[in-house]
$ cat run-v7.txt   # compact mmCIF, C-alpha atoms
# COMPACT_ATOMS: atom_id res chain seq x y z
CA MET A 167 91.04 -11.74 157.95
CA ILE A 168 87.41 -12.86 158.32
CA GLN A 169 86.38 -9.47 159.69
CA LEU A 170 87.81 -7.83 156.56
CA ILE A 171 85.84 -10.16 154.29
CA ILE A 172 82.63 -9.41 156.20
CA GLY A 173 83.47 -5.70 156.04
CA VAL A 174 83.76 -5.94 152.25
CA LEU A 175 80.43 -7.76 152.02
CA LEU A 176 78.78 -5.10 154.18
CA LEU A 177 80.24 -2.38 151.95
CA VAL A 178 79.04 -4.16 148.81
CA ALA A 179 75.55 -4.28 150.28
CA PHE A 180 75.79 -0.56 151.02
CA VAL A 181 76.77 0.21 147.42
CA GLY A 182 73.87 -1.95 146.28
CA LEU A 183 71.47 0.09 148.40
CA ALA A 184 72.89 3.33 147.00
CA ILE A 185 72.39 2.11 143.42
CA TYR A 186 68.92 0.83 144.24
CA ALA A 187 67.96 4.18 145.77
CA PHE A 188 69.49 6.10 142.85
CA ARG A 189 67.31 4.14 140.45
CA GLY A 190 64.19 5.08 142.39
CA GLY A 191 63.66 1.80 144.28
CA ASN A 192 61.30 1.59 147.23
CA LEU A 193 63.39 2.81 150.15
CA MET A 194 61.29 1.17 152.85
CA ILE A 195 61.90 -2.28 151.36
CA GLY A 196 65.52 -1.39 150.61
CA MET A 197 66.22 -0.37 154.20
CA LEU A 198 64.50 -3.50 155.56
CA VAL A 199 66.57 -5.77 153.32
CA MET A 200 69.73 -3.92 154.35
CA ALA A 201 68.85 -4.29 158.04
CA ILE A 202 68.46 -8.04 157.51
CA ILE A 203 71.69 -8.40 155.51
CA TRP A 204 73.82 -6.29 157.84
CA SER A 205 72.41 -7.98 160.94
CA ALA A 206 72.96 -11.46 159.53
CA LEU A 207 76.53 -10.81 158.38
CA SER A 208 77.48 -9.06 161.61
CA ILE A 209 76.01 -11.70 163.93
CA VAL A 210 77.54 -14.58 161.97
CA GLY A 211 80.90 -12.83 162.23
CA PHE A 212 80.61 -12.54 166.00
CA TYR A 213 80.28 -16.32 166.22
CA ILE A 214 83.05 -17.35 163.82
CA ILE A 215 85.75 -14.72 164.35
CA LYS A 216 88.36 -15.87 166.86
CA ASP A 217 90.90 -13.06 166.48
CA PRO A 218 91.64 -12.15 170.15
CA THR A 219 92.14 -8.45 169.37
CA PHE A 220 88.79 -8.22 167.59
CA VAL A 221 87.02 -10.25 170.28
CA GLU A 222 88.45 -8.13 173.11
CA ALA A 223 87.65 -4.81 171.40
CA ASN A 224 84.03 -5.85 170.77
CA ALA A 225 83.37 -8.01 173.82
CA LYS A 226 80.08 -6.29 174.64
CA LEU A 227 78.54 -6.90 171.21
CA ILE A 228 79.89 -10.43 170.93
CA GLY A 229 78.71 -11.26 174.44
CA THR A 230 75.11 -10.27 173.67
CA SER A 231 72.86 -13.27 173.14
CA PHE A 232 71.41 -14.01 169.71
CA PRO A 233 67.77 -13.29 170.77
CA ASP A 234 68.85 -9.97 172.31
CA GLN A 235 70.71 -9.02 169.13
CA LEU A 236 67.59 -9.66 167.07
CA LYS A 237 65.45 -7.80 169.57
CA ALA A 238 67.75 -4.77 169.46
CA VAL A 239 67.36 -4.54 165.68
CA PHE A 240 63.80 -5.60 164.93
CA GLN A 241 61.91 -4.77 168.14
CA SER A 242 63.66 -2.15 170.25
CA GLY A 243 64.70 -0.19 167.17
CA PRO A 244 61.20 0.63 165.88
CA GLU A 245 59.86 1.05 169.42
CA SER A 246 62.44 3.76 170.10
CA TRP A 247 60.87 5.95 167.40
CA GLY A 248 57.50 6.20 169.08
CA PRO A 249 58.10 9.79 170.32
CA THR A 250 59.20 10.87 166.85
CA LEU A 251 56.04 9.51 165.23
CA VAL A 252 53.88 11.30 167.77
CA ASN A 253 55.66 14.60 167.12
CA PHE A 254 55.11 14.09 163.40
CA ILE A 255 51.38 13.53 163.79
CA PHE A 256 50.82 16.59 165.97
CA GLY A 257 52.95 18.74 163.68
CA ALA A 258 50.92 17.64 160.67
CA TRP A 259 47.69 18.32 162.62
CA PHE A 260 48.89 21.86 163.33
CA GLY A 261 49.61 22.36 159.64
CA ARG A 262 46.09 21.28 158.80
CA VAL A 263 44.67 23.76 161.33
CA MET A 264 46.66 26.53 159.65
CA LEU A 265 45.07 25.61 156.34
CA LYS A 266 41.55 25.02 157.65
CA THR A 267 41.37 28.40 159.40
CA GLY A 268 42.72 30.31 156.39
CA ILE A 269 45.63 31.77 158.39
CA ALA A 270 48.23 30.64 155.86
CA SER A 271 46.25 32.24 153.00
CA LYS A 272 45.86 35.47 154.94
CA ILE A 273 49.58 35.76 155.67
CA ILE A 274 50.45 35.26 152.03
CA LYS A 275 47.81 37.71 150.80
CA LEU A 276 49.10 40.42 153.15
CA THR A 277 52.63 39.73 151.98
CA VAL A 278 51.61 40.29 148.35
CA GLU A 279 49.83 43.53 149.23
CA LEU A 280 52.92 44.72 151.11
CA GLY A 281 55.07 44.09 148.02
CA GLY A 282 52.78 46.30 145.93
CA ASP A 283 53.60 46.51 142.23
CA LYS A 284 57.26 45.49 142.66
CA PRO A 285 57.55 41.86 141.50
CA VAL A 286 61.02 41.18 142.91
CA VAL A 287 60.15 42.71 146.28
CA THR A 288 56.95 40.67 146.44
CA SER A 289 58.73 37.43 145.51
CA VAL A 290 61.41 38.10 148.15
CA LEU A 291 58.73 38.72 150.78
CA LEU A 292 56.95 35.52 149.76
CA SER A 293 60.20 33.58 150.19
CA LEU A 294 60.62 35.03 153.66
CA VAL A 295 57.03 34.26 154.68
CA THR A 296 57.16 30.74 153.25
CA THR A 297 60.32 30.07 155.24
CA LEU A 298 58.77 31.39 158.44
CA VAL A 299 55.58 29.37 157.93
CA PHE A 300 57.53 26.12 157.48
CA THR A 301 59.48 26.57 160.68
CA SER A 302 56.39 24.99 162.25
CA MET A 303 54.25 23.53 159.45
CA PHE A 304 55.18 20.23 157.86
CA GLY A 305 53.90 17.60 155.46
CA ALA A 306 53.30 17.14 151.75
CA GLY A 307 49.71 18.33 152.20
CA ALA A 308 50.90 21.59 153.74
CA VAL A 309 53.46 22.19 150.99
CA VAL A 310 50.87 21.57 148.28
CA ALA A 311 48.25 23.74 149.98
CA ILE A 312 50.67 26.66 150.31
CA GLY A 313 52.05 26.05 146.83
CA VAL A 314 48.68 26.40 145.10
CA ILE A 315 48.47 29.87 146.63
CA VAL A 316 52.06 31.00 146.09
CA PHE A 317 52.74 29.69 142.56
CA PRO A 318 49.95 31.65 140.81
CA ILE A 319 51.19 34.80 142.52
CA LEU A 320 54.82 34.27 141.50
CA LEU A 321 53.89 33.41 137.92
CA SER A 322 51.54 36.40 137.62
CA LEU A 323 54.40 38.63 138.78
CA GLY A 324 56.45 37.49 135.79
CA ILE A 325 58.72 35.10 137.68
CA PRO A 326 59.71 32.27 135.27
CA LYS A 327 58.09 29.00 136.29
CA LYS A 328 61.41 27.22 136.85
CA THR A 329 62.67 30.10 138.97
CA ALA A 330 59.44 30.19 140.95
CA LEU A 331 59.65 26.45 141.61
CA VAL A 332 63.27 26.58 142.80
CA GLU A 333 62.56 29.65 144.93
CA PHE A 334 59.53 28.11 146.63
CA MET A 335 61.14 24.72 147.36
CA LEU A 336 64.31 26.33 148.74
CA SER A 337 62.15 28.58 150.93
CA VAL A 338 60.25 25.58 152.29
CA GLY A 339 63.52 23.77 153.01
CA ALA A 340 65.02 26.81 154.72
CA GLY A 341 62.21 26.84 157.27
CA LEU A 342 62.62 23.12 157.91
CA TYR A 343 66.11 23.71 159.32
CA ILE A 344 64.56 24.87 162.60
CA ASN A 345 61.31 22.91 162.31
CA PRO A 346 61.14 20.82 165.50
CA VAL A 347 59.18 18.03 163.79
CA ILE A 348 61.75 17.43 161.06
CA PHE A 349 64.55 17.73 163.61
CA SER A 350 62.91 15.11 165.83
CA GLN A 351 62.88 12.70 162.88
CA TYR A 352 66.54 12.95 161.99
CA LYS A 353 67.99 13.24 165.49
CA MET A 354 66.98 9.59 165.93
CA PHE A 355 69.77 8.57 163.57
CA PHE A 356 72.23 9.82 166.19
CA LEU A 357 71.21 7.81 169.25
CA ASP A 358 74.08 6.22 171.16
CA GLU A 359 74.34 2.50 171.88
CA ALA A 360 72.13 2.89 174.96
CA GLY A 361 69.42 4.63 172.93
CA ASN A 362 70.13 8.09 174.38
CA GLU A 363 70.00 11.29 172.32
CA THR A 364 73.33 12.81 171.34
CA VAL A 365 71.86 15.88 169.61
CA SER A 366 68.93 17.91 170.93
CA TYR A 367 66.77 20.82 169.85
CA ASP A 368 68.66 23.32 171.97
CA SER A 369 71.06 26.24 171.63
CA THR A 370 73.92 23.94 170.60
CA TYR A 371 72.00 22.92 167.50
CA LEU A 372 69.96 26.07 166.92
CA LYS A 373 72.97 28.35 166.44
CA TRP A 374 73.79 26.16 163.42
CA GLY A 375 70.13 25.74 162.43
CA PHE A 376 69.48 29.47 162.19
CA ILE A 377 72.65 29.92 160.13
CA ALA A 378 71.45 27.16 157.79
CA LEU A 379 68.04 28.80 157.49
CA GLY A 380 69.62 32.17 156.74
CA VAL A 381 72.06 30.82 154.16
CA GLN A 382 69.42 28.87 152.23
CA LEU A 383 66.90 31.71 152.32
CA LEU A 384 69.52 34.24 151.18
CA VAL A 385 70.63 32.04 148.29
CA ALA A 386 66.97 31.50 147.29
CA ILE A 387 66.44 35.26 147.22
CA ILE A 388 69.62 35.93 145.24
CA PHE A 389 68.65 33.18 142.78
CA THR A 390 65.22 34.75 142.31
CA VAL A 391 66.55 38.27 141.86
CA ILE A 392 69.04 37.12 139.23
CA PHE A 393 66.63 35.01 137.19
CA SER A 394 63.42 37.05 137.47
CA ARG A 395 61.92 39.12 134.70
CA LYS A 396 59.13 41.68 134.72
CA LYS A 397 55.69 40.92 133.40
CA LYS A 398 52.25 42.46 133.72
CA GLN A 399 50.62 41.36 136.94
CA VAL A 400 47.21 39.70 136.90
CA HIS A 401 46.80 39.27 140.67
CA ALA A 402 45.92 35.57 140.54
CA TRP A 403 45.88 35.59 144.32
CA SER A 404 42.73 37.62 144.63
CA SER A 405 40.38 34.63 144.98
CA PRO A 406 40.39 32.07 147.82
CA VAL A 407 42.05 28.82 146.79
CA PRO A 408 40.59 25.41 147.60
CA GLN A 409 42.91 23.51 149.91
CA ASN A 410 44.20 19.99 149.46
CA GLY A 411 41.73 17.47 150.75
CA GLY A 412 38.60 18.86 149.18
CA SER A 413 37.55 21.51 151.69
CA LYS A 414 37.34 25.16 150.72
CA ALA A 415 39.71 27.70 152.16
CA VAL A 416 38.42 30.26 154.60
CA GLU A 417 38.21 33.73 153.06
CA PRO A 418 41.51 35.32 154.21
CA ASN A 419 39.82 38.66 154.96
CA ARG A 420 37.83 36.99 157.74
CA VAL A 421 40.96 35.91 159.63
CA PRO A 422 41.60 38.30 162.56
CA GLY A 423 44.97 39.99 162.79
CA ILE A 424 45.89 38.30 166.06
CA ALA A 425 45.71 34.93 164.28
CA LEU A 426 48.73 35.82 162.14
CA ILE A 427 51.12 35.03 164.98
CA THR A 428 49.97 31.38 164.99
CA PRO A 429 52.68 29.75 162.81
CA PHE A 430 55.41 31.19 165.00
CA VAL A 431 53.93 30.20 168.37
CA PRO A 432 55.27 26.59 168.54
CA VAL A 433 58.83 27.60 167.66
CA VAL A 434 58.85 30.58 170.06
CA LEU A 435 57.44 28.43 172.87
CA ALA A 436 60.00 25.68 172.24
CA ILE A 437 63.01 27.97 171.94
CA GLY A 438 62.13 30.76 174.34
CA PHE A 439 60.20 28.97 177.07
CA LYS A 440 61.29 25.33 176.71
CA VAL A 441 57.67 24.28 176.21
CA PRO A 442 57.40 20.67 174.94
CA VAL A 443 56.89 20.52 171.19
CA ILE A 444 53.52 18.74 171.29
CA LEU A 445 52.13 21.13 173.88
CA GLY A 446 53.33 24.02 171.71
CA PHE A 447 51.42 22.65 168.73
CA LEU A 448 48.29 22.13 170.84
CA ILE A 449 48.42 25.66 172.24
CA ALA A 450 48.96 27.21 168.82
CA GLY A 451 46.39 25.00 167.10
CA PHE A 452 43.57 25.64 169.56
CA PHE A 453 44.48 29.33 169.67
CA ALA A 454 44.03 29.46 165.88
CA MET A 455 40.74 27.60 166.04
CA ALA A 456 39.45 29.88 168.81
CA VAL A 457 40.29 33.25 167.25
CA CYS A 458 39.04 32.13 163.82
CA GLY A 459 35.66 31.05 165.16
CA TYR A 460 35.99 27.28 165.10
CA MET A 461 35.35 26.80 168.82
CA ARG A 462 31.94 28.46 169.21
CA THR A 463 30.26 25.15 170.08
CA TRP A 464 31.54 21.95 171.62
CA LYS A 465 30.31 19.94 168.62
CA GLY A 466 31.99 22.29 166.16
CA THR A 467 35.25 22.16 168.10
CA ALA A 468 35.19 18.36 168.18
CA GLU A 469 34.40 18.09 164.46
CA THR A 470 37.18 20.50 163.47
CA PHE A 471 39.69 18.78 165.76
CA ASN A 472 38.77 15.33 164.45
CA LYS A 473 38.86 16.36 160.78
CA THR A 474 42.19 18.22 160.99
CA PHE A 475 43.72 15.41 163.02
CA TYR A 476 42.53 12.85 160.48
CA ASP A 477 43.92 14.87 157.58
CA GLY A 478 47.20 15.36 159.43
CA VAL A 479 47.61 11.62 159.96
CA ILE A 480 46.91 11.02 156.27
CA ASP A 481 49.60 13.58 155.42
CA THR A 482 52.18 11.71 157.51
CA ALA A 483 51.12 8.18 156.54
CA PRO A 484 53.64 7.72 153.68
CA LEU A 485 56.47 8.43 156.10
CA MET A 486 55.29 6.17 158.91
CA GLY A 487 56.47 2.88 157.46
CA PHE A 488 59.79 4.34 156.36
CA MET A 489 60.38 5.84 159.79
CA LEU A 490 59.75 2.49 161.48
CA ILE A 491 62.21 0.69 159.21
CA ILE A 492 65.00 3.27 159.63
CA PRO A 493 65.70 2.39 163.30
CA MET A 494 66.06 -1.27 162.32
CA PHE A 495 68.76 -0.24 159.90
CA ASN A 496 70.35 2.05 162.49
CA ALA A 497 70.53 -0.79 165.01
CA ALA A 498 71.97 -3.08 162.35
CA SER A 499 74.57 -0.37 161.64
CA ASN A 500 75.65 -0.55 165.29
CA LEU A 501 76.30 -4.28 164.86
CA ALA A 502 78.32 -3.58 161.72
CA VAL A 503 80.53 -0.87 163.22
CA PRO A 504 83.42 -3.22 164.25
CA TYR A 505 83.78 -4.49 160.69
CA PHE A 506 83.84 -1.01 159.18
CA GLN A 507 86.46 -0.01 161.73
CA SER A 508 88.60 -2.93 160.62
CA LEU A 509 88.05 -2.28 156.93
CA LEU A 510 87.92 1.50 156.62
CA GLY A 511 89.50 2.83 159.79
CA GLY A 512 92.74 3.56 157.97
CA PHE A 513 91.15 5.08 154.86
CA ILE A 514 88.44 7.48 156.02
CA PRO A 515 90.11 10.68 157.26
CA ASN A 516 89.96 11.37 160.97
CA SER A 517 90.41 15.08 160.22
CA THR A 518 87.23 17.12 160.57
CA LEU A 519 88.58 19.61 158.02
CA ILE A 520 89.19 16.99 155.34
CA LEU A 521 85.82 15.37 155.98
CA ALA A 522 84.02 18.73 155.76
CA ILE A 523 85.79 19.50 152.48
CA ALA A 524 84.87 16.05 151.14
CA PHE A 525 81.19 16.60 151.99
CA ALA A 526 81.25 20.05 150.38
CA ILE A 527 82.75 18.67 147.17
CA LEU A 528 80.54 15.56 147.05
CA ALA A 529 77.29 17.27 148.13
CA PRO A 530 75.39 16.15 144.97
CA LEU A 531 75.52 12.62 146.41
CA GLY A 532 72.56 13.81 148.46
CA LEU A 533 70.44 13.69 145.29
CA PHE A 534 68.42 10.65 144.22
CA ARG A 535 68.35 9.24 147.77
CA GLY A 536 72.11 8.77 147.57
CA PRO A 537 74.72 8.14 150.28
CA PHE A 538 74.70 11.72 151.61
CA THR A 539 71.02 11.97 152.54
CA LEU A 540 69.49 10.47 155.67
CA ALA A 541 66.28 10.08 153.67
CA GLY A 542 68.12 7.53 151.54
CA ALA A 543 71.35 5.57 151.61
CA GLY A 544 72.96 8.13 153.92
CA ALA A 545 71.98 6.06 156.95
CA ALA A 546 74.63 3.58 155.88
CA THR A 547 77.20 6.34 155.41
CA LEU A 548 76.44 7.61 158.89
CA GLY A 549 76.85 4.11 160.29
CA ILE A 550 80.39 4.06 158.92
CA LEU A 551 81.27 7.57 160.11
CA LYS A 552 79.90 6.97 163.61
CA SER A 553 82.48 4.24 164.05
CA LEU A 554 85.25 6.84 163.79
CA ASN A 555 84.20 8.78 166.89
CA PHE A 556 83.49 12.17 165.32
CA SER A 557 81.43 14.63 167.37
CA PRO A 558 77.68 13.87 166.97
CA HIS A 559 76.91 17.55 166.27
CA PHE A 560 79.65 17.67 163.63
CA LEU A 561 78.28 14.58 161.88
CA PHE A 562 74.72 15.86 162.24
CA GLY A 563 75.60 19.12 160.48
CA LEU A 564 77.42 17.34 157.65
CA MET A 565 74.59 14.87 157.06
CA TYR A 566 71.67 17.22 157.73
CA ALA A 567 72.76 19.84 155.18
CA PRO A 568 72.61 17.55 152.11
CA THR A 569 69.49 15.86 153.53
CA VAL A 570 67.47 19.07 153.84
CA THR A 571 69.02 21.04 150.97
CA MET A 572 70.04 18.56 148.28
CA ASN A 573 67.29 16.00 148.94
CA ILE A 574 64.25 17.71 150.48
CA SER A 575 64.71 21.08 148.74
CA CYS A 576 66.20 20.18 145.35
CA ASP A 577 65.68 16.52 144.47
CA ILE A 578 63.08 15.35 141.94
CA THR A 579 62.55 12.18 144.01
CA GLN A 580 60.91 14.32 146.74
CA SER A 581 57.14 13.92 146.57
CA TRP A 582 56.18 17.59 146.84
CA ILE A 583 58.82 18.62 144.31
CA ILE A 584 57.32 16.15 141.84
CA TRP A 585 53.95 17.80 142.53
CA GLY A 586 55.48 21.26 141.96
CA ILE A 587 57.04 20.16 138.68
CA ASN A 588 53.67 18.89 137.45
CA TYR A 589 51.76 21.92 138.76
CA THR A 590 54.06 24.46 137.10
CA LYS A 591 54.59 22.29 134.01
CA THR A 592 58.36 22.45 134.39
CA GLU A 593 60.60 19.84 132.79
CA PRO A 594 62.28 17.76 135.54
CA ASN A 595 65.70 18.02 133.90
CA ASN A 596 65.40 21.79 133.57
CA TYR A 597 64.43 22.07 137.21
CA LEU A 598 67.34 19.88 138.29
CA LYS A 599 69.80 21.93 136.21
CA SER A 600 68.93 24.95 138.36
CA SER A 601 68.16 23.34 141.72
CA ALA A 602 71.18 21.03 141.94
CA PRO A 603 73.94 23.67 141.48
CA THR A 604 72.09 26.06 143.79
CA GLY A 605 71.72 23.37 146.46
CA TRP A 606 75.37 22.42 146.01
CA ILE A 607 76.45 25.98 146.80
CA ILE A 608 74.24 26.09 149.90
CA THR A 609 75.47 22.71 151.15
CA ALA A 610 79.11 23.64 150.64
CA ILE A 611 78.63 26.82 152.67
CA LEU A 612 76.93 24.84 155.45
CA CYS A 613 79.74 22.28 155.48
CA ALA A 614 82.13 25.17 156.12
CA ALA A 615 79.85 26.48 158.88
CA THR A 616 79.70 23.00 160.41
CA PHE A 617 83.48 22.80 160.56
CA PHE A 618 83.88 26.24 162.15
CA ILE A 619 81.12 25.63 164.73
CA TYR A 620 81.61 21.97 165.61
CA GLY A 621 84.87 20.85 164.01
$ encode --input "run-v7.txt" --output "structure tokens"
Amino acid sequence: MIQLIIGVLLLVAFVGLAIYAFRGGNLMIGMLVMAIIWSALSIVGFYIIKDPTFVEANAKLIGTSFPDQLKAVFQSGPESWGPTLVNFIFGAWFGRVMLKTGIASKIIKLTVELGGDKPVVTSVLLSLVTTLVFTSMFGAGAVVAIGVIVFPILLSLGIPKKTALVEFMLSVGAGLYINPVIFSQYKMFFLDEAGNETVSYDSTYLKWGFIALGVQLLVAIIFTVIFSRKKKQVHAWSSPVPQNGGSKAVEPNRVPGIALITPFVPVVLAIGFKVPVILGFLIAGFFAMAVCGYMRTWKGTAETFNKTFYDGVIDTAPLMGFMLIIPMFNAASNLAVPYFQSLLGGFIPNSTLILAIAFAILAPLGLFRGPFTLAGAGAATLGILKSLNFSPHFLFGLMYAPTVTMNISCDITQSWIIWGINYTKTEPNNYLKSSAPTGWIITAILCAATFFIYG
């Protein structure tokens, strides 16, 4: 009976976090408070529950000493995310190199020229290029820097500002499905009790990741084609655009052709040659600096490396604290698993088909940092689902789709979407009226794909 009461209290705390996140509360503080509440309730339960069945089933957790339980949550948890933080920093550095050298601007300019005087063709090509670029680039700074180039082009082609905003954000999100940096962040939610990875950036995941990329990109293109209108072009892309951070962009015409392969080098090295992600970023970054003339002197090389690295760290700084609190909550979720099994084991379906359908129907719960996004209250949802012994890849697909599509690509609580709304002067509600249904369709399709691949 006591385990049921504690289970209810844990669930009430979860609902409180969901409401708090929905109302725009600070998620870092929210996750920390939840980690404390869930840890406290779970540990107290281990000491006072005497039900022999419960004690026998959870002997390992109950037998762990109180200091070790606290260490697992508040020390070992954050320490386990060290590799993820390092990947983030190097990925953001690579994005800054792409901007500093002018490679990103050059790729986009060539794309526009290839589209000629056909607005829809040009916008489709821009969606494709944006997706490809963000398979390796990451960070709010990178999104903003690419956005200030792409948005004037789309608007000058006669694409309505709301349509342009939805198209661009969906294209960014599509690329993130196979971005190794983003993947390395969210795979950490799926560590087993021993701290080992249960999902990896390999063929098992990538066959789903490429499908997700293709589905989101295709829907973005269809959305753009349907809602575009023709307008006289003014070629707003013809002048170099200052990049975020105050430095001027390199004139795209000065970027050599060989440099255009740069954004695809890290992904190709990781997938095709099993090169470690960080080494892939280093190879691609220094290649870009070399061919674009930033390594002519030792001093110049050092200055460029230091400045881009500094800017990359600044880009990732807002996520650092959040990413160090998440593993505390994950570890606390492991302590809470026995109570959720007692409380919800008979209610949550054990059928992968029913669960996939439920996620498809309830996909909008990924908005506003809700219970279906790992960038919000979804960590608690995952903690419950992990107790039911579903396949890690199956759960990853179900949780990752609303995280990347509904939250990162469509939600007005996402920092770079807020920037895009302000930049294009689009009303948030009008944007959400288009982005949410479109993201819902994409997520539902990906839930079906998840069931057929992993279910």
$ atom_distance --input "run-v7.txt" --atom1 "CA of Val365 (chain A)" --atom2 "CA of Ser208 (chain A)"
26.8 Å
$ closest_residue --input "run-v7.txt" --among "A:Gly257, A:Pro537, A:Pro558, A:Pro504" --to "Asp481 (chain A)" --atoms "all atoms listed in the file"
A:Gly257
$ atom_distance --input "run-v7.txt" --atom1 "CA of Glu359 (chain A)" --atom2 "CA of Asn500 (chain A)"
7.4 Å
$ atom_distance --input "run-v7.txt" --atom1 "CA of Ile203 (chain A)" --atom2 "CA of Ile550 (chain A)"
15.6 Å
$ residues_around --input "run-v7.txt" --residues "Ile527 (chain A)" --least-positions-apart "2" --cutoff "10 Å" --atoms "only C-alpha atoms" --output "number ranges by chain"
A: 521-525, 529-531, 606-607, 609-610, 613
$ write_last_selection --input "run-v7.txt" --atoms "C-alpha atoms" --output "JSON list (two decimals), in the coordinates of the input"
[["chain", "number", "residue", "atom", "x", "y", "z"],
["A", 521, "LEU", "CA", 85.82, 15.37, 155.98],
["A", 522, "ALA", "CA", 84.02, 18.73, 155.76],
["A", 523, "ILE", "CA", 85.79, 19.50, 152.48],
["A", 524, "ALA", "CA", 84.87, 16.05, 151.14],
["A", 525, "PHE", "CA", 81.19, 16.60, 151.99],
["A", 529, "ALA", "CA", 77.29, 17.27, 148.13],
["A", 530, "PRO", "CA", 75.39, 16.15, 144.97],
["A", 531, "LEU", "CA", 75.52, 12.62, 146.41],
["A", 606, "TRP", "CA", 75.37, 22.42, 146.01],
["A", 607, "ILE", "CA", 76.45, 25.98, 146.80],
["A", 609, "THR", "CA", 75.47, 22.71, 151.15],
["A", 610, "ALA", "CA", 79.11, 23.64, 150.64],
["A", 613, "CYS", "CA", 79.74, 22.28, 155.48]]
$ residues_around --input "run-v7.txt" --residues "Gly621 (chain A)" --least-positions-apart "6" --cutoff "8 Å" --atoms "only C-alpha atoms" --output "VMD selection string"
chain A and resid 518 to 519 557 560
$ write_last_selection --input "run-v7.txt" --atoms "C-alpha atoms" --output "PDB file, in the frame of the given file"
ATOM      1  CA  THR A 518      87.230  17.120 160.570  1.00  0.00           C
ATOM      2  CA  LEU A 519      88.580  19.610 158.020  1.00  0.00           C
ATOM      3  CA  SER A 557      81.430  14.630 167.370  1.00  0.00           C
ATOM      4  CA  PHE A 560      79.650  17.670 163.630  1.00  0.00           C
TER       5      PHE A 560
END
$ closest_residue --input "run-v7.txt" --among "A:Leu170, A:Ile608, A:Leu445, A:Leu227" --to "Phe389 (chain A)" --atoms "all atoms listed in the file"
A:Ile608
$ decode --input "run-v7.txt" --residues "region 179-183 of chain A" --atoms "all heavy atoms" --output "mmCIF file, in the first residue's frame"
data_model
loop_
_atom_site.group_PDB
_atom_site.id
_atom_site.type_symbol
_atom_site.label_atom_id
_atom_site.label_comp_id
_atom_site.auth_asym_id
_atom_site.auth_seq_id
_atom_site.Cartn_x
_atom_site.Cartn_y
_atom_site.Cartn_z
ATOM 1 N N ALA A 179 4.023 14.887 -8.693
ATOM 2 C CA ALA A 179 5.177 15.743 -8.941
ATOM 3 C C ALA A 179 5.474 15.847 -10.439
ATOM 4 O O ALA A 179 5.828 16.920 -10.945
ATOM 5 C CB ALA A 179 6.403 15.194 -8.201
ATOM 6 N N PHE A 180 5.300 14.721 -11.134
ATOM 7 C CA PHE A 180 5.495 14.723 -12.585
ATOM 8 C C PHE A 180 4.506 15.651 -13.279
ATOM 9 O O PHE A 180 4.872 16.438 -14.148
ATOM 10 C CB PHE A 180 5.341 13.294 -13.111
ATOM 11 C CG PHE A 180 5.112 13.193 -14.589
ATOM 12 C CD1 PHE A 180 6.140 13.430 -15.475
ATOM 13 C CD2 PHE A 180 3.863 12.863 -15.102
ATOM 14 C CE1 PHE A 180 5.940 13.341 -16.838
ATOM 15 C CE2 PHE A 180 3.653 12.776 -16.453
ATOM 16 C CZ PHE A 180 4.698 13.015 -17.327
ATOM 17 N N VAL A 181 3.240 15.583 -12.894
ATOM 18 C CA VAL A 181 2.220 16.461 -13.472
ATOM 19 C C VAL A 181 2.546 17.925 -13.162
ATOM 20 O O VAL A 181 2.393 18.807 -14.010
ATOM 21 C CB VAL A 181 0.817 16.097 -12.931
ATOM 22 C CG1 VAL A 181 -0.224 17.116 -13.393
ATOM 23 C CG2 VAL A 181 0.422 14.699 -13.384
ATOM 24 N N GLY A 182 3.047 18.161 -11.952
ATOM 25 C CA GLY A 182 3.443 19.513 -11.588
ATOM 26 C C GLY A 182 4.560 20.039 -12.476
ATOM 27 O O GLY A 182 4.541 21.199 -12.902
ATOM 28 N N LEU A 183 5.532 19.170 -12.785
ATOM 29 C CA LEU A 183 6.610 19.576 -13.684
ATOM 30 C C LEU A 183 6.075 19.877 -15.074
ATOM 31 O O LEU A 183 6.496 20.848 -15.720
ATOM 32 C CB LEU A 183 7.673 18.470 -13.754
ATOM 33 C CG LEU A 183 8.809 18.717 -14.760
ATOM 34 C CD1 LEU A 183 9.609 19.962 -14.377
ATOM 35 C CD2 LEU A 183 9.727 17.503 -14.844
#
